[in-house]
$ cat structure.pdb   # PDB, C-alpha atoms
ATOM      1  CA  MET A   1      45.290-101.153 -90.895  1.00  0.00           C
ATOM      2  CA  ALA A   2      44.230 -98.620 -93.523  1.00  0.00           C
ATOM      3  CA  GLY A   3      42.841 -96.334 -90.835  1.00  0.00           C
ATOM      4  CA  ALA A   4      46.078 -96.572 -88.906  1.00  0.00           C
ATOM      5  CA  THR A   5      48.024 -95.657 -92.041  1.00  0.00           C
ATOM      6  CA  ILE A   6      45.850 -92.605 -92.631  1.00  0.00           C
ATOM      7  CA  ILE A   7      46.302 -91.520 -89.020  1.00  0.00           C
ATOM      8  CA  LEU A   8      50.027 -92.073 -89.418  1.00  0.00           C
ATOM      9  CA  PHE A   9      50.234 -89.487 -92.196  1.00  0.00           C
ATOM     10  CA  VAL A  10      47.625 -87.038 -90.859  1.00  0.00           C
ATOM     11  CA  ALA A  11      48.607 -86.862 -87.188  1.00  0.00           C
ATOM     12  CA  ASP A  12      52.252 -85.901 -87.599  1.00  0.00           C
ATOM     13  CA  ARG A  13      51.737 -83.036 -85.131  1.00  0.00           C
ATOM     14  CA  VAL A  14      51.554 -85.183 -81.974  1.00  0.00           C
ATOM     15  CA  ALA A  15      54.400 -87.600 -82.658  1.00  0.00           C
ATOM     16  CA  SER A  16      56.816 -88.296 -85.451  1.00  0.00           C
ATOM     17  CA  VAL A  17      56.091 -90.678 -88.276  1.00  0.00           C
ATOM     18  CA  ALA A  18      58.812 -93.029 -87.022  1.00  0.00           C
ATOM     19  CA  GLU A  19      57.131 -93.298 -83.626  1.00  0.00           C
ATOM     20  CA  TYR A  20      53.787 -94.143 -85.227  1.00  0.00           C
ATOM     21  CA  ALA A  21      55.466 -96.700 -87.472  1.00  0.00           C
ATOM     22  CA  THR A  22      57.086 -98.316 -84.439  1.00  0.00           C
ATOM     23  CA  LEU A  23      53.760 -98.398 -82.599  1.00  0.00           C
ATOM     24  CA  LEU A  24      51.949 -99.805 -85.633  1.00  0.00           C
ATOM     25  CA  SER A  25      54.564-102.518 -86.179  1.00  0.00           C
ATOM     26  CA  GLY A  26      54.349-103.487 -82.513  1.00  0.00           C
ATOM     27  CA  PHE A  27      50.573-103.861 -82.675  1.00  0.00           C
ATOM     28  CA  GLY A  28      50.860-105.677 -85.996  1.00  0.00           C
ATOM     29  CA  GLY A  29      53.322-108.128 -84.495  1.00  0.00           C
ATOM     30  CA  ALA A  30      51.043-108.738 -81.537  1.00  0.00           C
ATOM     31  CA  VAL A  31      48.062-109.392 -83.798  1.00  0.00           C
ATOM     32  CA  LEU A  32      50.076-111.670 -86.077  1.00  0.00           C
ATOM     33  CA  GLY A  33      51.437-113.617 -83.107  1.00  0.00           C
ATOM     34  CA  SER A  34      48.003-114.102 -81.596  1.00  0.00           C
ATOM     35  CA  VAL A  35      46.553-115.276 -84.912  1.00  0.00           C
ATOM     36  CA  MET A  36      49.361-117.775 -85.374  1.00  0.00           C
ATOM     37  CA  SER A  37      49.028-119.136 -81.833  1.00  0.00           C
ATOM     38  CA  ALA A  38      45.243-119.433 -82.222  1.00  0.00           C
ATOM     39  CA  PHE A  39      45.731-121.416 -85.445  1.00  0.00           C
ATOM     40  CA  VAL A  40      48.211-123.781 -83.787  1.00  0.00           C
ATOM     41  CA  ALA A  41      45.890-124.258 -80.810  1.00  0.00           C
ATOM     42  CA  PHE A  42      42.998-125.020 -83.174  1.00  0.00           C
ATOM     43  CA  VAL A  43      45.029-127.617 -85.089  1.00  0.00           C
ATOM     44  CA  LEU A  44      46.211-129.305 -81.888  1.00  0.00           C
ATOM     45  CA  ALA A  45      42.680-129.354 -80.446  1.00  0.00           C
ATOM     46  CA  ARG A  46      41.334-131.004 -83.604  1.00  0.00           C
ATOM     47  CA  GLN A  47      44.123-133.588 -83.500  1.00  0.00           C
ATOM     48  CA  ALA A  48      43.445-134.386 -79.837  1.00  0.00           C
ATOM     49  CA  SER A  49      39.717-134.691 -80.528  1.00  0.00           C
ATOM     50  CA  ARG A  50      40.337-137.029 -83.461  1.00  0.00           C
ATOM     51  CA  GLU A  51      42.647-139.216 -81.372  1.00  0.00           C
ATOM     52  CA  THR A  52      40.080-139.376 -78.568  1.00  0.00           C
ATOM     53  CA  LEU A  53      37.338-140.420 -80.966  1.00  0.00           C
ATOM     54  CA  GLU A  54      39.558-143.136 -82.451  1.00  0.00           C
ATOM     55  CA  ARG A  55      40.450-144.421 -78.974  1.00  0.00           C
ATOM     56  CA  ASP A  56      36.809-144.504 -77.914  1.00  0.00           C
ATOM     57  CA  GLU A  57      35.814-146.317 -81.083  1.00  0.00           C
ATOM     58  CA  ARG A  58      38.525-148.938 -80.558  1.00  0.00           C
ATOM     59  CA  ALA A  59      37.313-149.416 -76.976  1.00  0.00           C
ATOM     60  CA  ARG A  60      33.728-149.932 -78.189  1.00  0.00           C
ATOM     61  CA  VAL A  61      34.847-152.461 -80.783  1.00  0.00           C
ATOM     62  CA  ALA A  62      36.914-154.282 -78.178  1.00  0.00           C
ATOM     63  CA  GLU A  63      33.888-154.626 -75.899  1.00  0.00           C
TER
END
$ encode --input "structure.pdb" --output "structure tokens"
Amino acid sequence: MAGATIILFVADRVASVAEYATLLSGFGGAVLGSVMSAFVAFVLARQASRETLERDERARVAE
């Protein structure tokens, strides 16, 4: 992010600062969304694994 900020201020010749800010916020939103969805997927996978282990243990005890 720091590198993108430096490029934002240095490379004003190719595009305007507003265009770079829009591009940076779009990429930032994509990264933030992917991190949040990965966290939710990780939590749900752990919960499903825990429930499976509990079910298997109850089945072993029942036998």
$ atom_distance --input "structure.pdb" --atom1 "CA of Ser25 (chain A)" --atom2 "CA of Phe39 (chain A)"
20.9 Å
$ atom_distance --input "structure.pdb" --atom1 "CA of Val31 (chain A)" --atom2 "CA of Ser49 (chain A)"
26.8 Å
$ axis_aligned_box --input "structure.pdb" --around "region 25-42 of chain A" --padding-each-side "4 Å" --output "lines of an AutoDock Vina configuration file"
center_x = 48.8
center_y = -113.8
center_z = -83.5
size_x = 19.6
size_y = 30.5
size_z = 13.4
$ atom_distance --input "structure.pdb" --atom1 "CA of Ala18 (chain A)" --atom2 "CA of Gly33 (chain A)"
22.2 Å
$ decode --input "structure.pdb" --residues "region 24-38 of chain A" --atoms "C-alpha atoms" --output "PDB file, in the first residue's frame"
ATOM      1  CA  LEU A  24      -6.390   2.028  -5.374  1.00  0.00           C
ATOM      2  CA  SER A  25      -9.695   1.992  -3.484  1.00  0.00           C
ATOM      3  CA  GLY A  26     -11.070  -0.592  -5.904  1.00  0.00           C
ATOM      4  CA  PHE A  27      -8.092  -2.890  -5.383  1.00  0.00           C
ATOM      5  CA  GLY A  28      -8.224  -2.271  -1.640  1.00  0.00           C
ATOM      6  CA  GLY A  29     -11.882  -3.240  -1.563  1.00  0.00           C
ATOM      7  CA  ALA A  30     -11.174  -6.401  -3.517  1.00  0.00           C
ATOM      8  CA  VAL A  31      -8.365  -7.390  -1.159  1.00  0.00           C
ATOM      9  CA  LEU A  32     -10.452  -6.617   1.921  1.00  0.00           C
ATOM     10  CA  GLY A  33     -13.393  -8.608   0.561  1.00  0.00           C
ATOM     11  CA  SER A  34     -11.244 -11.619  -0.233  1.00  0.00           C
ATOM     12  CA  VAL A  35      -9.637 -11.560   3.215  1.00  0.00           C
ATOM     13  CA  MET A  36     -13.022 -11.389   4.905  1.00  0.00           C
ATOM     14  CA  SER A  37     -14.453 -14.235   2.818  1.00  0.00           C
ATOM     15  CA  ALA A  38     -11.363 -16.375   3.481  1.00  0.00           C
TER      16      ALA A  38
END
